[in-house]
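Enquirer: I am sharing protein-v2.cif, which consists of mmCIF, C-alpha atoms:
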data_query
loop_
_atom_site.label_atom_id
_atom_site.label_comp_id
_atom_site.auth_asym_id
_atom_site.auth_seq_id
_atom_site.Cartn_x
_atom_site.Cartn_y
_atom_site.Cartn_z
CA MET A 1 174.42 130.86 71.68
CA ARG A 2 170.89 132.15 71.11
CA LYS A 3 170.46 135.56 69.54
CA ASN A 4 168.01 138.39 70.32
CA LYS A 5 167.18 137.12 73.77
CA SER A 6 166.77 139.44 76.74
CA MET A 7 169.26 139.01 79.56
CA GLU A 8 166.54 137.41 81.67
CA SER A 9 164.72 134.92 79.45
CA GLY A 10 163.51 132.96 82.44
CA THR A 11 164.66 131.45 85.71
CA ILE A 12 166.29 128.03 86.01
CA LEU A 13 167.03 126.09 89.19
CA ILE A 14 170.03 123.74 88.87
CA ILE A 15 170.10 120.91 91.44
CA GLU A 16 173.53 119.28 91.33
CA ASP A 17 175.85 118.15 94.14
CA GLU A 18 179.02 118.24 91.99
CA ASP A 19 180.27 121.80 92.45
CA LYS A 20 182.28 122.02 89.23
CA LEU A 21 179.47 120.69 87.03
CA ARG A 22 176.93 122.96 88.75
CA GLU A 23 179.14 126.02 88.13
CA LEU A 24 179.78 125.01 84.52
CA LEU A 25 176.06 124.62 83.79
CA THR A 26 175.40 127.94 85.51
CA ARG A 27 177.92 129.74 83.26
CA ILE A 28 176.58 128.14 80.08
CA LEU A 29 172.93 128.93 80.86
CA SER A 30 173.73 132.45 82.07
CA LEU A 31 175.37 133.14 78.71
CA GLU A 32 172.14 131.94 77.10
CA GLY A 33 170.33 134.76 78.85
CA TYR A 34 168.75 132.79 81.69
CA ARG A 35 168.73 133.71 85.37
CA VAL A 36 170.23 130.74 87.18
CA ILE A 37 169.73 129.70 90.81
CA GLN A 38 171.70 126.87 92.39
CA ALA A 39 170.99 124.14 94.93
CA ASN A 40 173.37 121.35 95.96
CA ASN A 41 170.72 119.01 97.36
CA ILE A 42 166.96 118.36 97.49
CA LYS A 43 166.44 120.19 100.78
CA ASN A 44 168.02 123.40 99.45
CA ALA A 45 166.08 123.01 96.21
CA PHE A 46 162.77 123.13 98.07
CA ARG A 47 163.95 126.27 99.90
CA GLN A 48 164.66 127.94 96.55
CA LEU A 49 161.28 126.88 95.16
CA GLU A 50 159.62 128.51 98.16
CA LYS A 51 161.44 131.82 97.59
CA GLU A 52 161.76 132.12 93.82
CA ASP A 53 159.54 131.98 90.75
CA ILE A 54 161.24 129.05 89.02
CA GLU A 55 160.25 128.08 85.48
CA VAL A 56 162.64 125.20 84.69
CA ILE A 57 164.42 122.76 87.01
CA LEU A 58 167.56 121.03 85.72
CA THR A 59 168.43 118.29 88.18
CA ASP A 60 170.70 115.33 88.75
CA VAL A 61 169.02 112.05 89.73
CA LYS A 62 171.16 110.90 92.64
CA LEU A 63 171.86 113.64 95.19
CA THR A 64 173.45 113.56 98.64
CA ASP A 65 170.09 113.55 100.40
CA GLY A 66 168.05 111.31 98.11
CA ASN A 67 166.88 110.35 94.64
CA ILE A 68 165.08 113.12 92.76
CA LEU A 69 162.80 110.59 91.07
CA ASP A 70 161.17 110.00 94.46
CA GLN A 71 160.42 113.74 94.73
CA LEU A 72 159.03 114.48 91.26
CA LEU A 73 155.36 114.09 92.16
CA LYS A 74 155.78 116.21 95.29
CA ILE A 75 157.47 118.98 93.27
CA LYS A 76 154.81 118.91 90.53
CA ASN A 77 151.93 118.90 93.01
CA SER A 78 153.38 121.75 95.08
CA TYR A 79 154.81 123.80 92.20
CA PRO A 80 152.85 123.15 88.98
CA ILE A 81 154.56 125.81 86.83
CA PRO A 82 158.22 124.59 86.65
CA GLU A 83 159.12 122.00 84.03
CA ILE A 84 161.67 119.44 85.23
CA ILE A 85 164.55 118.12 83.15
CA VAL A 86 166.31 115.16 84.77
CA MET A 87 170.03 114.46 84.12
CA THR A 88 171.82 111.24 84.98
CA ALA A 89 175.25 109.76 84.41
CA TYR A 90 173.84 106.24 84.17
CA GLY A 91 170.52 106.42 82.37
CA THR A 92 168.22 103.43 82.19
CA ILE A 93 165.02 103.03 80.22
CA GLU A 94 163.12 102.19 83.41
CA ASP A 95 164.27 105.39 85.17
CA GLY A 96 163.46 107.41 82.09
CA VAL A 97 159.93 106.00 81.87
CA ASN A 98 159.35 106.58 85.62
CA ALA A 99 160.65 110.13 85.39
CA MET A 100 158.33 111.02 82.50
CA ARG A 101 155.39 109.26 84.15
CA ASN A 102 155.90 111.31 87.32
CA GLY A 103 155.94 114.61 85.49
CA ALA A 104 159.46 115.19 84.14
CA PHE A 105 159.61 117.21 80.91
CA ASP A 106 162.71 115.39 79.66
CA TYR A 107 165.31 112.81 80.75
CA ILE A 108 168.82 113.21 79.38
CA THR A 109 172.27 111.72 79.93
CA LYS A 110 175.14 113.82 81.25
CA GLY A 111 177.92 114.47 78.82
CA GLU A 112 175.62 115.09 75.86
CA GLY A 113 176.54 118.79 76.11
CA GLU A 114 174.75 121.85 74.83
CA GLU A 115 173.43 119.96 71.81
CA GLN A 116 170.69 118.34 73.92
CA ILE A 117 170.49 120.34 77.18
CA ILE A 118 170.01 123.82 75.73
CA PRO A 119 167.25 122.90 73.21
CA ALA A 120 165.48 120.90 75.94
CA ILE A 121 165.62 123.86 78.32
CA SER A 122 164.35 126.22 75.61
CA LYS A 123 161.31 124.02 74.94
CA ALA A 124 160.67 123.51 78.66
CA MET A 125 160.93 127.26 79.28
CA ASP A 126 158.40 128.01 76.53
CA LYS A 127 155.95 125.52 78.03
CA ALA A 128 156.42 126.80 81.60
CA GLN A 129 156.01 130.44 80.59
CA LEU A 130 152.85 129.59 78.65
CA LYS A 131 151.47 127.87 81.77
CA ALA A 132 152.38 130.92 83.86
CA ARG A 133 150.55 133.24 81.44
CA VAL A 134 147.46 131.01 81.54
CA VAL A 135 147.53 131.00 85.35
CA GLN A 136 147.84 134.81 85.38
CA LEU A 137 144.97 135.14 82.93
CA GLU A 138 142.80 132.81 84.99
CA LYS A 139 143.69 134.81 88.09
CA LYS A 140 142.71 138.08 86.41
CA ILE A 141 139.42 136.60 85.22
CA SER A 142 138.76 135.20 88.69
CA GLU A 143 139.51 138.58 90.31
CA LYS A 144 137.33 140.39 87.77
CA HIS A 145 134.35 138.18 88.56
CA ASN A 146 134.99 137.84 92.29
CA LEU A 147 132.05 138.41 94.63
CA ASP A 148 133.97 141.29 96.19
CA THR A 149 133.91 143.14 92.86
CA ILE A 150 130.10 143.27 92.77
CA ILE A 151 129.39 146.96 93.30
CA GLY A 152 127.23 148.05 96.20
CA ASN A 153 127.08 148.06 99.99
CA SER A 154 123.34 148.27 100.62
CA PRO A 155 122.06 145.83 103.27
CA LEU A 156 119.99 143.79 100.79
CA LEU A 157 122.89 143.39 98.37
CA ILE A 158 125.31 142.49 101.15
CA GLU A 159 122.91 139.74 102.26
CA SER A 160 122.75 138.37 98.68
CA LYS A 161 126.57 138.40 98.44
CA LYS A 162 126.87 136.59 101.79
CA LEU A 163 124.57 133.82 100.57
CA ALA A 164 126.53 133.53 97.32
CA ALA A 165 129.83 133.31 99.22
CA LYS A 166 128.48 130.46 101.35
CA VAL A 167 127.14 128.39 98.45
CA ALA A 168 129.99 129.07 95.98
CA PRO A 169 132.48 126.44 97.34
CA THR A 170 129.82 123.71 97.12
CA ASP A 171 128.47 121.90 94.05
CA MET A 172 124.88 122.73 94.94
CA SER A 173 122.53 123.96 92.20
CA VAL A 174 121.67 127.63 92.63
CA LEU A 175 118.57 129.50 91.45
CA LEU A 176 118.95 133.27 91.18
CA LEU A 177 115.69 135.19 91.46
CA GLY A 178 115.09 138.80 90.59
CA GLU A 179 113.77 141.29 88.10
CA THR A 180 115.38 141.78 84.69
CA GLY A 181 118.62 143.72 84.95
CA THR A 182 119.36 143.06 88.63
CA GLY A 183 122.71 141.39 87.87
CA LYS A 184 121.86 137.69 87.88
CA GLU A 185 124.58 136.77 85.38
CA VAL A 186 127.14 138.82 87.33
CA PHE A 187 126.28 136.74 90.40
CA ALA A 188 126.42 133.49 88.42
CA GLN A 189 129.93 134.30 87.17
CA ALA A 190 131.06 135.34 90.64
CA ILE A 191 129.78 132.07 92.15
CA HIS A 192 131.62 130.06 89.48
CA TYR A 193 134.91 131.95 89.89
CA SER A 194 134.67 131.64 93.67
CA SER A 195 134.27 127.86 93.43
CA GLU A 196 136.65 124.93 92.99
CA ARG A 197 135.52 124.82 89.35
CA ARG A 198 137.00 128.26 88.58
CA ASN A 199 139.72 126.89 86.29
CA ASN A 200 137.20 125.06 84.12
CA ASN A 201 134.64 126.43 81.67
CA TYR A 202 131.83 128.78 82.59
CA VAL A 203 129.16 128.53 79.88
CA ALA A 204 126.13 130.85 79.77
CA ILE A 205 123.00 130.43 77.70
CA ASN A 206 119.83 132.54 77.55
CA CYS A 207 116.97 130.07 77.22
CA SER A 208 114.65 132.74 75.80
CA ALA A 209 117.07 133.78 73.05
CA ILE A 210 117.30 130.39 71.31
CA PRO A 211 114.42 129.03 69.20
CA LYS A 212 112.51 126.12 70.69
CA GLU A 213 113.50 123.95 67.72
CA THR A 214 117.25 124.29 68.28
CA ILE A 215 117.74 124.71 72.02
CA GLU A 216 117.98 120.95 72.65
CA SER A 217 120.84 120.53 70.17
CA GLU A 218 122.54 123.66 71.58
CA LEU A 219 122.45 122.22 75.09
CA PHE A 220 123.14 118.56 74.37
CA GLY A 221 124.64 118.45 70.88
CA TYR A 222 123.78 115.71 68.38
CA LYS A 223 125.16 112.83 66.35
CA THR A 224 125.62 112.80 62.60
CA GLY A 225 122.32 112.10 60.85
CA ALA A 226 120.13 113.04 63.83
CA PHE A 227 118.12 115.33 61.54
CA THR A 228 118.39 117.00 58.15
CA GLY A 229 121.53 119.10 58.06
CA ALA A 230 123.31 117.20 60.87
CA ASN A 231 126.34 116.40 58.73
CA LYS A 232 128.78 115.91 61.60
CA ASP A 233 128.77 115.30 65.35
CA LYS A 234 128.18 118.42 67.44
CA LYS A 235 129.27 118.91 71.03
CA GLY A 236 126.62 120.62 73.16
CA LEU A 237 127.04 123.29 75.82
CA PHE A 238 126.76 120.76 78.65
CA GLU A 239 129.83 118.98 77.28
CA GLU A 240 131.61 122.33 76.85
CA ALA A 241 130.90 123.02 80.53
CA ASN A 242 132.12 119.61 81.71
CA ASN A 243 133.85 119.94 85.12
CA GLY A 244 132.75 123.57 85.15
CA THR A 245 129.50 125.52 85.42
CA ILE A 246 126.58 126.11 83.07
CA PHE A 247 124.38 129.17 83.61
CA LEU A 248 120.81 128.81 82.33
CA ASP A 249 119.36 132.32 82.20
CA GLU A 250 115.59 132.80 81.80
CA ILE A 251 115.06 129.15 82.76
CA GLY A 252 111.31 129.80 82.98
CA GLU A 253 111.22 130.11 79.18
CA MET A 254 112.39 126.53 78.62
CA ASN A 255 109.74 124.34 76.96
CA ILE A 256 108.16 121.64 79.08
CA GLU A 257 109.52 118.75 76.95
CA LEU A 258 113.12 119.88 77.37
CA GLN A 259 112.61 120.35 81.11
CA ALA A 260 112.35 116.57 81.50
CA LYS A 261 115.75 116.07 79.88
CA LEU A 262 117.27 118.77 82.08
CA LEU A 263 115.84 117.03 85.15
CA ARG A 264 117.62 113.83 84.09
CA VAL A 265 120.93 115.69 83.86
CA LEU A 266 120.43 117.09 87.35
CA GLU A 267 119.60 113.68 88.77
CA THR A 268 122.12 111.48 86.92
CA GLN A 269 124.64 113.85 85.27
CA THR A 270 123.92 111.98 82.02
CA PHE A 271 121.93 112.62 78.84
CA ILE A 272 121.37 111.08 75.42
CA LYS A 273 122.19 113.22 72.42
CA PRO A 274 119.69 113.40 69.56
CA GLY A 275 120.63 110.65 67.12
CA ASP A 276 122.64 108.70 69.70
CA THR A 277 121.88 105.48 71.57
CA LYS A 278 124.55 105.85 74.26
CA THR A 279 124.48 108.11 77.28
CA THR A 280 126.96 110.94 77.64
CA LYS A 281 128.21 111.60 81.16
CA VAL A 282 129.12 115.07 82.39
CA ASN A 283 130.12 116.69 85.66
CA VAL A 284 128.44 120.08 85.56
CA ARG A 285 127.20 122.52 88.16
CA ILE A 286 123.96 124.24 87.16
CA ILE A 287 123.18 127.83 88.07
CA SER A 288 119.87 129.08 86.73
CA ALA A 289 118.01 132.38 86.85
CA THR A 290 114.52 133.68 86.28
CA ASN A 291 112.33 136.71 86.79
CA ARG A 292 109.23 134.51 86.84
CA ASP A 293 107.39 132.96 89.76
CA LEU A 294 108.25 129.32 89.01
CA ILE A 295 106.07 127.99 91.82
CA LYS A 296 103.04 129.65 90.24
CA GLU A 297 104.19 128.50 86.79
CA GLY A 298 104.37 124.96 88.17
CA GLU A 299 100.85 125.15 89.59
CA GLU A 300 99.61 126.27 86.19
CA GLY A 301 101.42 123.41 84.43
CA HIS A 302 103.97 125.55 82.62
CA PHE A 303 107.00 124.44 84.64
CA ARG A 304 107.79 121.04 86.14
CA GLN A 305 107.59 121.22 89.91
CA ASP A 306 110.13 118.40 90.37
CA LEU A 307 112.59 120.34 88.20
CA TYR A 308 111.97 123.52 90.17
CA TYR A 309 112.86 121.83 93.46
CA ARG A 310 116.07 120.43 91.97
CA LEU A 311 117.09 123.80 90.53
CA ALA A 312 116.12 125.64 93.69
CA SER A 313 118.34 123.63 96.05
CA PHE A 314 119.69 127.04 97.06
CA THR A 315 117.94 130.27 96.06
CA ILE A 316 119.28 133.82 96.15
CA GLN A 317 116.94 136.78 95.72
CA LEU A 318 118.61 139.77 94.08
CA PRO A 319 117.14 143.15 95.11
CA PRO A 320 115.87 145.63 92.50
CA LEU A 321 117.80 148.88 92.19
CA ARG A 322 114.95 150.94 93.69
CA GLU A 323 115.49 149.01 96.95
CA ARG A 324 119.22 149.77 97.05
CA ILE A 325 119.34 153.47 96.12
CA GLU A 326 122.44 153.95 98.30
CA ASP A 327 124.36 151.97 95.65
CA ILE A 328 123.38 154.26 92.75
CA GLU A 329 126.28 156.69 93.17
CA ASP A 330 128.90 153.92 93.21
CA LEU A 331 127.32 152.30 90.16
CA CYS A 332 127.26 155.66 88.35
CA ASN A 333 130.96 156.19 89.06
CA PHE A 334 131.77 152.70 87.80
CA PHE A 335 129.85 153.15 84.54
CA ILE A 336 131.35 156.61 84.03
CA LEU A 337 134.86 155.23 84.43
CA GLN A 338 134.09 152.35 82.09
CA TYR A 339 132.25 154.19 79.33
CA SER A 340 134.04 157.56 79.30
CA HIS A 341 137.26 155.63 78.66
CA GLN A 342 135.64 153.86 75.70
CA VAL A 343 134.44 157.10 74.07
CA LYS A 344 137.58 159.03 75.11
CA LYS A 345 135.77 161.65 77.21
CA LYS A 346 136.94 163.00 80.55
CA ILE A 347 133.95 162.98 82.88
CA SER A 348 135.03 163.75 86.43
CA LYS A 349 131.90 165.02 88.22
CA ILE A 350 128.22 164.35 88.75
CA ASP A 351 126.07 167.22 89.99
CA SER A 352 123.74 166.69 92.93
CA GLY A 353 120.61 167.18 90.82
CA PHE A 354 121.64 164.33 88.52
CA LEU A 355 121.99 161.92 91.44
CA GLN A 356 118.90 163.19 93.22
CA LYS A 357 116.70 162.52 90.21
CA LEU A 358 118.21 159.07 89.67
CA LYS A 359 117.60 158.17 93.32
CA GLY A 360 113.94 159.11 92.91
CA TYR A 361 113.50 157.02 89.77
CA SER A 362 111.97 153.52 89.88
CA PHE A 363 114.35 151.83 87.37
CA LYS A 364 112.13 149.16 85.87
CA GLY A 365 115.19 147.98 83.92
CA ASN A 366 117.34 148.07 87.07
CA ILE A 367 121.16 148.20 86.71
CA ARG A 368 120.98 147.64 82.97
CA GLU A 369 118.76 150.72 82.60
CA LEU A 370 121.08 152.81 84.80
CA LYS A 371 124.03 151.77 82.63
CA ASN A 372 122.18 152.91 79.49
CA ILE A 373 121.27 156.24 81.11
CA ILE A 374 124.91 156.91 82.05
CA GLU A 375 126.18 155.98 78.60
CA ARG A 376 123.63 158.32 76.98
CA ALA A 377 124.53 161.18 79.35
CA ILE A 378 128.26 160.77 78.62
CA ILE A 379 127.61 160.95 74.87
CA LEU A 380 125.54 164.12 75.31
CA ALA A 381 127.87 165.81 77.79
CA ASP A 382 129.89 168.78 76.50
CA GLY A 383 131.95 169.30 79.64
CA ASP A 384 133.37 167.18 82.44
CA THR A 385 130.16 167.10 84.52
CA LEU A 386 126.96 165.06 84.21
CA THR A 387 123.99 167.30 84.94
CA SER A 388 120.31 166.48 85.21
CA ALA A 389 119.72 168.19 81.86
CA LEU A 390 121.39 165.13 80.31
CA LEU A 391 118.85 162.70 81.78
CA PRO A 392 116.16 161.20 79.53
CA SER A 393 112.63 162.57 79.81
CA GLU A 394 111.28 159.41 81.46
CA VAL A 395 113.39 160.14 84.54
CA PHE A 396 111.75 163.57 84.84
CA LEU A 397 108.28 162.21 84.08
CA ALA A 398 108.65 159.61 86.82
CA GLU A 399 109.28 162.19 89.56
CA ASN A 400 106.74 162.45 92.33
CA ASN A 401 104.58 165.47 91.56
CA ASN A 402 102.28 165.55 94.58
CA GLY A 403 100.15 162.71 93.29
CA LYS A 404 99.62 164.19 89.84
CA SER A 405 99.83 162.06 86.75
CA PRO A 406 103.24 162.28 85.09
CA TYR A 407 101.38 163.19 81.90
CA ASP A 408 99.49 166.09 83.49
CA LEU A 409 100.15 169.28 81.47
CA THR A 410 101.36 171.25 84.48
CA THR A 411 103.78 168.41 85.34
CA ILE A 412 105.19 168.40 81.82
CA GLU A 413 105.53 172.20 81.88
CA LYS A 414 107.38 172.08 85.20
CA ILE A 415 109.77 169.42 83.89
CA TYR A 416 110.41 171.37 80.69
CA ILE A 417 111.21 174.56 82.59
CA GLN A 418 113.63 172.61 84.79
CA LYS A 419 115.41 171.19 81.75
CA VAL A 420 115.78 174.61 80.15
CA LEU A 421 117.14 176.04 83.40
CA HIS A 422 119.67 173.21 83.50
CA LEU A 423 120.63 173.95 79.93
CA THR A 424 121.26 177.64 80.68
CA LYS A 425 122.90 176.88 84.03
CA GLY A 426 120.18 178.84 85.86
CA ASN A 427 120.26 181.97 83.66
CA LYS A 428 116.67 183.26 84.00
CA THR A 429 116.83 185.79 81.14
CA LYS A 430 118.23 183.21 78.69
CA SER A 431 115.75 180.58 79.92
CA ALA A 432 112.77 182.92 79.42
CA GLU A 433 114.02 183.69 75.91
CA LEU A 434 114.30 180.01 75.02
CA LEU A 435 110.88 179.29 76.52
CA GLY A 436 109.32 182.20 74.60
CA ILE A 437 107.94 183.88 77.72
CA GLY A 438 108.76 187.00 79.69
CA VAL A 439 111.16 186.93 82.63
CA THR A 440 108.31 188.00 84.96
CA THR A 441 106.20 185.06 83.76
CA LEU A 442 109.13 182.72 84.33
CA TYR A 443 109.58 183.93 87.92
CA ARG A 444 105.86 183.46 88.54
CA LYS A 445 106.02 179.89 87.27
CA LEU A 446 109.13 179.17 89.35
CA GLU A 447 107.19 180.24 92.43
CA GLU A 448 104.09 178.33 91.38
CA TYR A 449 105.98 175.09 90.75
CA LYS A 450 108.35 175.60 93.71
CA ILE A 451 111.38 175.37 91.44
CA ASN A 452 114.50 176.64 93.21
CA TYR A 453 117.18 178.01 90.90
#
Could you write out this file's structure as structure tokens?
Expert:
Amino acid sequence: MRKNKSMESGTILIIEDEDKLRELLTRILSLEGYRVIQANNIKNAFRQLEKEDIEVILTDVKLTDGNILDQLLKIKNSYPIPEIIVMTAYGTIEDGVNAMRNGAFDYITKGEGEEQIIPAISKAMDKAQLKARVVQLEKKISEKHNLDTIIGNSPLLIESKKLAAKVAPTDMSVLLLGETGTGKEVFAQAIHYSSERRNNNYVAINCSAIPKETIESELFGYKTGAFTGANKDKKGLFEEANNGTIFLDEIGEMNIELQAKLLRVLETQTFIKPGDTKTTKVNVRIISATNRDLIKEGEEGHFRQDLYYRLASFTIQLPPLRERIEDIEDLCNFFILQYSHQVKKKISKIDSGFLQKLKGYSFKGNIRELKNIIERAIILADGDTLTSALLPSEVFLAENNNGKSPYDLTTIEKIYIQKVLHLTKGNKTKSAELLGIGVTTLYRKLEEYKINY
């Protein structure tokens, strides 16, 4: 009997029409720490599979309502997790081969006792539980990158998510357009994990981050001897993404020579590695992204127009943050939850001034810039509230000051007074002291600048 096993090491379904043998196997496996469920025929077995999370099936071949070998493919297709161990009183090589070919984990002869059955079940259980963990992990990843998890309910964002949801189940190439930091990679991941390719690789590459000299070998790999230093075959990212999705970020940065090779992949799903004479075939969906105007780039000869039209089979424009200000509060709350946990700070509130100033800011860096602002504010915060005093100076400088330049001296003075007032929580005497002016002067400036505190 196995030692140090919990009383529920996994669930086994026994399919056996001989009552005594079924009960005997149940007792033996229960003592081994397994949870055992019984079925006396194929029909009842399918009922149990519908109701229970089965990890291993131990089954006779010939049952009162049919031969289990005829049902193996149906079981494996409908219930991919359970491993199936087939028992028979009269084993033949042909039946054994057919059983294994149709998905059985093992094929054993009755009467061989615990010496063969229990080790076989242990190995099958380990394999089934590993598969179950992988499925759970894939499910968590899929849920994490689901389109529904993209934060925001502004009309423009909802329209972008609707388009992504429609194109995701297809194999169509998608071009994501938008300014830097608008969430193009988040959308690319969500499209992949909402597609039929979700259980295969998602591979992302930033075309602007890899030197021109090496990007071809990164994408397509190479054969030994293709160039100096190519000492062994290298698999490229397109092969890594086979049957999955490759995301080409900053596609507008790709050099014109490599664009021709990418066009071939789009048209034929084949390419020739550097140093090779044979074609390599892949089945890859391409999602690309850019903040450039590729039509204009094409007219100027910097981007192949034929490649653009293949990449842009389906385009999605992602709105900048300044056009979806109603989403700022939800994004702030998300980043606070995420980052305060990392730095072990308890931030529970945002004051109205903090949000008001963020909603008036243009966010040239979009969501990425907002994330950085929140992280900085959390680091600086002494209490549980984010106040506008924690915002960087560029947010204050960007405020609308009745048409004045943000670098106008009176504008800078107004902003500085506001920051000091935030710091002192509106204490005028303390603020005047820090500013090095009299309280009367401070009140005059508050009136002059229409600062309400």
Enquirer: With the PyMOL selection byres ((chain A and resi 307) around 12) as the selection, what would be picked from this file? Answer as a PyMOL selection string, please.
Expert: chain A and resi 173+175+251-252+254+256-267+288+294-295+297-298+302-306+308-313
Enquirer: Would you export the selected residues with C-alpha atoms as an mmCIF file, in the frame of the given file, please?
Expert:
data_model
loop_
_atom_site.group_PDB
_atom_site.id
_atom_site.type_symbol
_atom_site.label_atom_id
_atom_site.label_comp_id
_atom_site.auth_asym_id
_atom_site.auth_seq_id
_atom_site.Cartn_x
_atom_site.Cartn_y
_atom_site.Cartn_z
ATOM 1 C CA SER A 173 122.530 123.960 92.200
ATOM 2 C CA LEU A 175 118.570 129.500 91.450
ATOM 3 C CA ILE A 251 115.060 129.150 82.760
ATOM 4 C CA GLY A 252 111.310 129.800 82.980
ATOM 5 C CA MET A 254 112.390 126.530 78.620
ATOM 6 C CA ILE A 256 108.160 121.640 79.080
ATOM 7 C CA GLU A 257 109.520 118.750 76.950
ATOM 8 C CA LEU A 258 113.120 119.880 77.370
ATOM 9 C CA GLN A 259 112.610 120.350 81.110
ATOM 10 C CA ALA A 260 112.350 116.570 81.500
ATOM 11 C CA LYS A 261 115.750 116.070 79.880
ATOM 12 C CA LEU A 262 117.270 118.770 82.080
ATOM 13 C CA LEU A 263 115.840 117.030 85.150
ATOM 14 C CA ARG A 264 117.620 113.830 84.090
ATOM 15 C CA VAL A 265 120.930 115.690 83.860
ATOM 16 C CA LEU A 266 120.430 117.090 87.350
ATOM 17 C CA GLU A 267 119.600 113.680 88.770
ATOM 18 C CA SER A 288 119.870 129.080 86.730
ATOM 19 C CA LEU A 294 108.250 129.320 89.010
ATOM 20 C CA ILE A 295 106.070 127.990 91.820
ATOM 21 C CA GLU A 297 104.190 128.500 86.790
ATOM 22 C CA GLY A 298 104.370 124.960 88.170
ATOM 23 C CA HIS A 302 103.970 125.550 82.620
ATOM 24 C CA PHE A 303 107.000 124.440 84.640
ATOM 25 C CA ARG A 304 107.790 121.040 86.140
ATOM 26 C CA GLN A 305 107.590 121.220 89.910
ATOM 27 C CA ASP A 306 110.130 118.400 90.370
ATOM 28 C CA TYR A 308 111.970 123.520 90.170
ATOM 29 C CA TYR A 309 112.860 121.830 93.460
ATOM 30 C CA ARG A 310 116.070 120.430 91.970
ATOM 31 C CA LEU A 311 117.090 123.800 90.530
ATOM 32 C CA ALA A 312 116.120 125.640 93.690
ATOM 33 C CA SER A 313 118.340 123.630 96.050
#
Enquirer: Point out the residue among A:Gln71, A:Thr180, A:Asn41, A:Thr277 with the least atom-to-atom distance to Gly365 (chain A), counting all atoms listed in the file.
Expert: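 Among the listed residues, A:Thr180 lies closest to Gly365 (chain A).
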Enquirer: Give me the box for region 194-203 of chain A as AutoDock Vina command-line options, namely the centre and edge lengths in Å to one decimal of a box along x, y and z that holds every listed atom plus 5 Å on each side.
Expert:
--center_x 134.4 --center_y 128.2 --center_z 86.8 --size_x 20.6 --size_y 16.8 --size_z 23.8
Enquirer: Ranking A:Arg322, A:Lys414, A:Lys281, A:Lys273 by minimum distance to Asp233 (chain A) and counting only C-alpha atoms, which one comes first?
Expert: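 Nearest candidate to Asp233 (chain A) out of A:Arg322, A:Lys414, A:Lys281, A:Lys273: A:Lys273.
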Enquirer: Leaving out Asp249 (chain A) and any residue of its chain fewer than 3 positions from it, which residues lie within 7 Å of it when counting only C-alpha atoms, given as a list in words?
Expert: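 Final neighbour list, sorted by chain and number: Ile205, Asn206, Cys207, Ser288, Ala289 and Thr290 of chain A.
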Enquirer: Selection in question (the file shown): the PyMOL selection byres ((chain A and resi 55) around 6). Which residues does it include, as a list of chain:residue names?
Expert: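 Applying the expression gives A:Thr11, A:Ile54, A:Val56, A:Pro82, A:Ala128.
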Enquirer: One decimal, Å: what's the distance from CA of Ser217 (chain A) over to CA of Ile191 (chain A), could you say?
Expert: 26.4 Å
Enquirer: In terms of the shortest atom-to-atom distance over all atoms listed in the file, which of A:Ile14, A:Ala432, A:Ile84, A:Ile158 is closest to Ala120 (chain A)?
Expert: A:Ile84
Enquirer: Any chance you could work out the residue set of the PyMOL selection byres ((chain A and resi 390) around 12) here, as a VMD selection string?
Expert: chain A and resid 350 to 351 353 to 355 357 to 358 373 to 383 385 to 389 391 to 396 418 to 420 422 to 423
Enquirer: In terms of the shortest atom-to-atom distance over all atoms listed in the file, which of A:Gly33, A:Leu176, A:Ala230, A:Gly103 is closest to Lys74 (chain A)?
Expert: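 The closest residue to Lys74 (chain A) is A:Gly103.
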